[in-house]
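Single-structure report; data block below.
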Amino acid sequence: SFFNSFLFVFIFSAAFFGFAAPIALGIEGLKYASLLSAGLMPVYDILFAIPQVLAAYSASLLGKGAIEDYQGKGSVFAHWKDAVKWFAVGVVFLVILILARSYL
């Protein structure tokens, strides 16, 4: 489902301090490409990649804060507000796309 894909990108990216965000997005991109090329997915479902990019960005901000916290240069909470904001924007956009999907 689209929520599982969204959460996969966020959790996989956050687990490796944001460095795995390109890998997670690449895995999802390969999934979308295979479904699209097989004709099992409509073209407008590619829009669901946008919330995943926002989730990866949110996880990268958390990872940046965690690394700065390890190094003693800052705190993870310095980036927490922005990370939660981008995660929430991604969730809202995901819900809007899911609701609009039945009309497209």
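Within each chain, counting starts at residue 1; across the structure tokens, chains are named A, B, ... in the order shown, with ligands numbered 1 upward in that order.
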Spatial neighbours of stretch 62-73 of chain A, max dist 10 Å, only C-alpha atoms, sep filter under 2 positions, as a ChimeraX atom specification: /A:13-19,56-60,75-84
I'd like the contact shell of A:Phe2 - 8 Å cut-off, only C-alpha atoms, skipping same-chain residues fewer than 3 positions apart - returned as a PDB file with all heavy atoms, in the first residue's frame.
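around-v2.pdb was written with the following content:
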```pdb
ATOM      1  N   SER A   5       4.721   2.032   1.713  1.00  0.00           N
ATOM      2  CA  SER A   5       5.844   2.580   0.946  1.00  0.00           C
ATOM      3  C   SER A   5       6.384   3.845   1.592  1.00  0.00           C
ATOM      4  O   SER A   5       7.593   4.049   1.691  1.00  0.00           O
ATOM      5  CB  SER A   5       5.405   2.879  -0.488  1.00  0.00           C
ATOM      6  OG  SER A   5       5.005   1.714  -1.141  1.00  0.00           O
ATOM      7  N   PHE A   6       5.474   4.701   2.037  1.00  0.00           N
ATOM      8  CA  PHE A   6       5.861   5.950   2.695  1.00  0.00           C
ATOM      9  C   PHE A   6       6.656   5.669   3.970  1.00  0.00           C
ATOM     10  O   PHE A   6       7.727   6.239   4.197  1.00  0.00           O
ATOM     11  CB  PHE A   6       4.600   6.764   3.003  1.00  0.00           C
ATOM     12  CG  PHE A   6       4.852   8.067   3.685  1.00  0.00           C
ATOM     13  CD1 PHE A   6       5.270   9.168   2.971  1.00  0.00           C
ATOM     14  CD2 PHE A   6       4.654   8.195   5.048  1.00  0.00           C
ATOM     15  CE1 PHE A   6       5.491  10.382   3.598  1.00  0.00           C
ATOM     16  CE2 PHE A   6       4.869   9.403   5.683  1.00  0.00           C
ATOM     17  CZ  PHE A   6       5.291  10.502   4.959  1.00  0.00           C
ATOM     18  N   PHE A  48       2.730   9.581  -6.152  1.00  0.00           N
ATOM     19  CA  PHE A  48       2.944   9.086  -4.799  1.00  0.00           C
ATOM     20  C   PHE A  48       4.432   9.072  -4.430  1.00  0.00           C
ATOM     21  O   PHE A  48       4.765   8.813  -3.268  1.00  0.00           O
ATOM     22  CB  PHE A  48       2.341   7.689  -4.629  1.00  0.00           C
ATOM     23  CG  PHE A  48       0.851   7.707  -4.493  1.00  0.00           C
ATOM     24  CD1 PHE A  48       0.042   7.494  -5.587  1.00  0.00           C
ATOM     25  CD2 PHE A  48       0.262   7.963  -3.268  1.00  0.00           C
ATOM     26  CE1 PHE A  48      -1.334   7.523  -5.470  1.00  0.00           C
ATOM     27  CE2 PHE A  48      -1.110   7.991  -3.138  1.00  0.00           C
ATOM     28  CZ  PHE A  48      -1.916   7.778  -4.243  1.00  0.00           C
ATOM     29  N   LEU A  94       0.055  12.699   1.097  1.00  0.00           N
ATOM     30  CA  LEU A  94      -0.261  11.297   0.830  1.00  0.00           C
ATOM     31  C   LEU A  94      -1.761  11.041   0.974  1.00  0.00           C
ATOM     32  O   LEU A  94      -2.377  10.384   0.126  1.00  0.00           O
ATOM     33  CB  LEU A  94       0.525  10.386   1.774  1.00  0.00           C
ATOM     34  CG  LEU A  94       0.316   8.889   1.631  1.00  0.00           C
ATOM     35  CD1 LEU A  94       0.832   8.401   0.281  1.00  0.00           C
ATOM     36  CD2 LEU A  94       1.016   8.156   2.758  1.00  0.00           C
TER      37      LEU A  94
END
```
Which of chain A fall in alpha helix (DSSP H), as a PyMOL selection string: chain A and resi 2-15+21-37+49-71+77-101
d(atom CA of A:Ile11, atom CA of A:Ile98) in Å: 20.7 Å
Find the residues of stretch 6-30 of chain A that sit at most 12 Å from stretch 35-42 of chain A; for each, write down the nearest two atoms and how far apart they are in Å, to one decimal. Count only C-alpha atoms. Sort by chain, then by number going up, and give it as a tab-separated table.
```
residue	atom	partner	partner_atom	distance
A:Glu28	CA	A:Leu35	CA	10.6
A:Gly29	CA	A:Leu35	CA	9.9
A:Leu30	CA	A:Leu35	CA	8.5
```
Could you write out the selected residues, including N, CA and C atoms, as a PDB file, in the first residue's frame?
```
ATOM      1  N   GLU A  28      12.048   2.128  -4.165  1.00  0.00           N
ATOM      2  CA  GLU A  28      10.669   2.480  -4.502  1.00  0.00           C
ATOM      3  C   GLU A  28      10.548   2.885  -5.976  1.00  0.00           C
ATOM      4  N   GLY A  29      11.556   3.560  -6.494  1.00  0.00           N
ATOM      5  CA  GLY A  29      11.551   3.924  -7.912  1.00  0.00           C
ATOM      6  C   GLY A  29      11.570   2.701  -8.813  1.00  0.00           C
ATOM      7  N   LEU A  30      12.356   1.708  -8.436  1.00  0.00           N
ATOM      8  CA  LEU A  30      12.375   0.460  -9.204  1.00  0.00           C
ATOM      9  C   LEU A  30      11.029  -0.244  -9.148  1.00  0.00           C
TER      10      LEU A  30
END
```
Nearest-residue call for A:Phe12, choices A:Lys85, A:Ala55, A:Phe93, A:Leu47, using only C-alpha atoms: A:Ala55
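If you measure from each of A:Leu54, A:Ala49, A:Gly74, A:Tyr32 to A:Leu97 using only C-alpha atoms, the closest one turns out to be A:Ala49.
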